[in-house]
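One structure is given below, encoded as structure tokens.
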Amino acid sequence: MSDLVEVELARIIIQSKGEQQYIHLRVKGSDRSFPILIGFYEAAEIHRKISGETMRRPMTHDLIGRILGEVDCRLVKIVISALREETYYATLHLMQGSEEKTVDCRPSDAIALAVQAKAEIYVAREVLDIVAPESQ
């Protein structure tokens, strides 16, 4: 895999009207950042996780986290791995014992799980260079 750059969730923009919401990822220790367009429910879930809100019954990301724990699997990191036709792609990097497994998923789901599991968030350098070129 290509060179990876660690990023952090910088902000979530939740708009009351419309389906499209934004999350902004920022390179750790830098002002270099970029937005990702996500759905309302995904943005609300990420916000809920950051705020520490709990639901009476598990939501989908909670359930996935529980399943991972039950099968002795740990989310180590997520990677925003590609940008194709204006769509971001991500992978979950899981450790089960000493074996690393990767799973393709949407960036919004990956970020919600990363926030929940306190896992690191990375972006492939070639993606970062396209969406947030360094200032000249």
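As shown in the structure tokens, the chain order sets the letters A, B, ...; within each chain, residues go from 1, and ligands are also counted from 1 in the order they appear.
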
Please identify all polymer residues within 7 Å of segment 73-81 of chain A, counting only C-alpha atoms, omitting same-chain residues fewer than 6 positions from it, and present them as a PDB file with C-alpha atoms, in the first residue's frame.
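Listing of around-v5.pdb after writing:
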ATOM      1  CA  TYR A  88     -13.778   7.979  -1.558  1.00  0.00           C
ATOM      2  CA  TYR A  89     -12.941   4.398  -0.605  1.00  0.00           C
ATOM      3  CA  ALA A  90     -11.761   3.172   2.771  1.00  0.00           C
ATOM      4  CA  THR A  91     -10.510   0.027   4.446  1.00  0.00           C
ATOM      5  CA  LEU A  92     -10.777  -1.220   7.981  1.00  0.00           C
ATOM      6  CA  HIS A  93      -7.563  -2.767   9.311  1.00  0.00           C
ATOM      7  CA  LEU A  94      -8.402  -5.415  11.881  1.00  0.00           C
ATOM      8  CA  MET A  95      -6.165  -7.561  14.058  1.00  0.00           C
ATOM      9  CA  GLN A  96      -7.338 -11.003  15.055  1.00  0.00           C
ATOM     10  CA  PRO A 107     -15.342   6.198   4.737  1.00  0.00           C
ATOM     11  CA  ALA A 110     -14.998   3.539   8.846  1.00  0.00           C
ATOM     12  CA  ALA A 114     -12.669   4.485  14.344  1.00  0.00           C
ATOM     13  CA  ALA A 117     -12.808   2.140  18.876  1.00  0.00           C
ATOM     14  CA  ALA A 119      -8.504   3.743  16.252  1.00  0.00           C
ATOM     15  CA  GLU A 120      -6.112   5.787  14.126  1.00  0.00           C
ATOM     16  CA  ILE A 121      -7.299   7.365  10.870  1.00  0.00           C
ATOM     17  CA  TYR A 122      -5.027   7.537   7.821  1.00  0.00           C
ATOM     18  CA  VAL A 123      -5.280   8.748   4.253  1.00  0.00           C
ATOM     19  CA  ALA A 124      -3.183   7.494   1.345  1.00  0.00           C
TER      20      ALA A 124
END

Residues within 10 Å of Gln20 of chain A, only C-alpha atoms, excluding chain neighbours under 2 positions, as a PyMOL selection string: chain A and resi 13-18+22+36-41+43

Top pick for closest residue to Ser98 of chain A, considering A:Glu86, A:Asp62, A:Glu19, A:Asp72 and counting only C-alpha atoms: A:Asp72

What are the closest atom pairs, with distances in Å to one decimal, for each residue of segment 18-91 of chain A lying within 6 Å of segment 5-10 of chain A, using only C-alpha atoms, rows by chain and rising residue number, as CSV?
residue,atom,partner,partner_atom,distance
A:His24,CA,A:Ala10,CA,5.4
A:Leu25,CA,A:Leu9,CA,4.7
A:Arg26,CA,A:Val7,CA,5.2
A:Val27,CA,A:Val7,CA,4.2
A:Lys28,CA,A:Val7,CA,5.1

File dump, residues just selected, C-alpha atoms, as a short mmCIF file (atom, residue, chain, number, x, y, z; two decimals), in the first residue's frame:
data_model
loop_
_atom_site.label_atom_id
_atom_site.label_comp_id
_atom_site.auth_asym_id
_atom_site.auth_seq_id
_atom_site.Cartn_x
_atom_site.Cartn_y
_atom_site.Cartn_z
CA HIS A 24 -13.45 17.43 7.60
CA LEU A 25 -10.26 15.47 8.12
CA ARG A 26 -7.06 17.33 8.99
CA VAL A 27 -3.47 16.13 8.83
CA LYS A 28 -2.28 15.79 12.42
#

DSSP-assigned strand (DSSP E) members of chain A, reported as a PyMOL selection string: chain A and resi 4-13+20-27+33-39+73-84+87-96+99-105+120-124

Step one, run DSSP on the backbone; step two, keep only residues of segment 8-45 of chain A assigned to alpha helix (DSSP H); then write them as an mmCIF file with N, CA and C atoms, in the first residue's frame.
data_model
loop_
_atom_site.group_PDB
_atom_site.id
_atom_site.type_symbol
_atom_site.label_atom_id
_atom_site.label_comp_id
_atom_site.auth_asym_id
_atom_site.auth_seq_id
_atom_site.Cartn_x
_atom_site.Cartn_y
_atom_site.Cartn_z
ATOM 1 N N PHE A 40 -26.781 12.138 6.134
ATOM 2 C CA PHE A 40 -27.220 12.690 7.413
ATOM 3 C C PHE A 40 -27.068 11.674 8.548
ATOM 4 N N TYR A 41 -27.506 10.450 8.340
ATOM 5 C CA TYR A 41 -27.483 9.449 9.413
ATOM 6 C C TYR A 41 -26.053 9.092 9.823
ATOM 7 N N GLU A 42 -25.151 9.044 8.844
ATOM 8 C CA GLU A 42 -23.756 8.752 9.158
ATOM 9 C C GLU A 42 -23.138 9.899 9.959
ATOM 10 N N ALA A 43 -23.442 11.138 9.562
ATOM 11 C CA ALA A 43 -22.924 12.302 10.296
ATOM 12 C C ALA A 43 -23.463 12.316 11.723
ATOM 13 N N ALA A 44 -24.749 12.020 11.874
ATOM 14 C CA ALA A 44 -25.353 11.980 13.208
ATOM 15 C C ALA A 44 -24.720 10.895 14.063
ATOM 16 N N GLU A 45 -24.407 9.755 13.467
ATOM 17 C CA GLU A 45 -23.777 8.656 14.205
ATOM 18 C C GLU A 45 -22.366 9.041 14.659
#
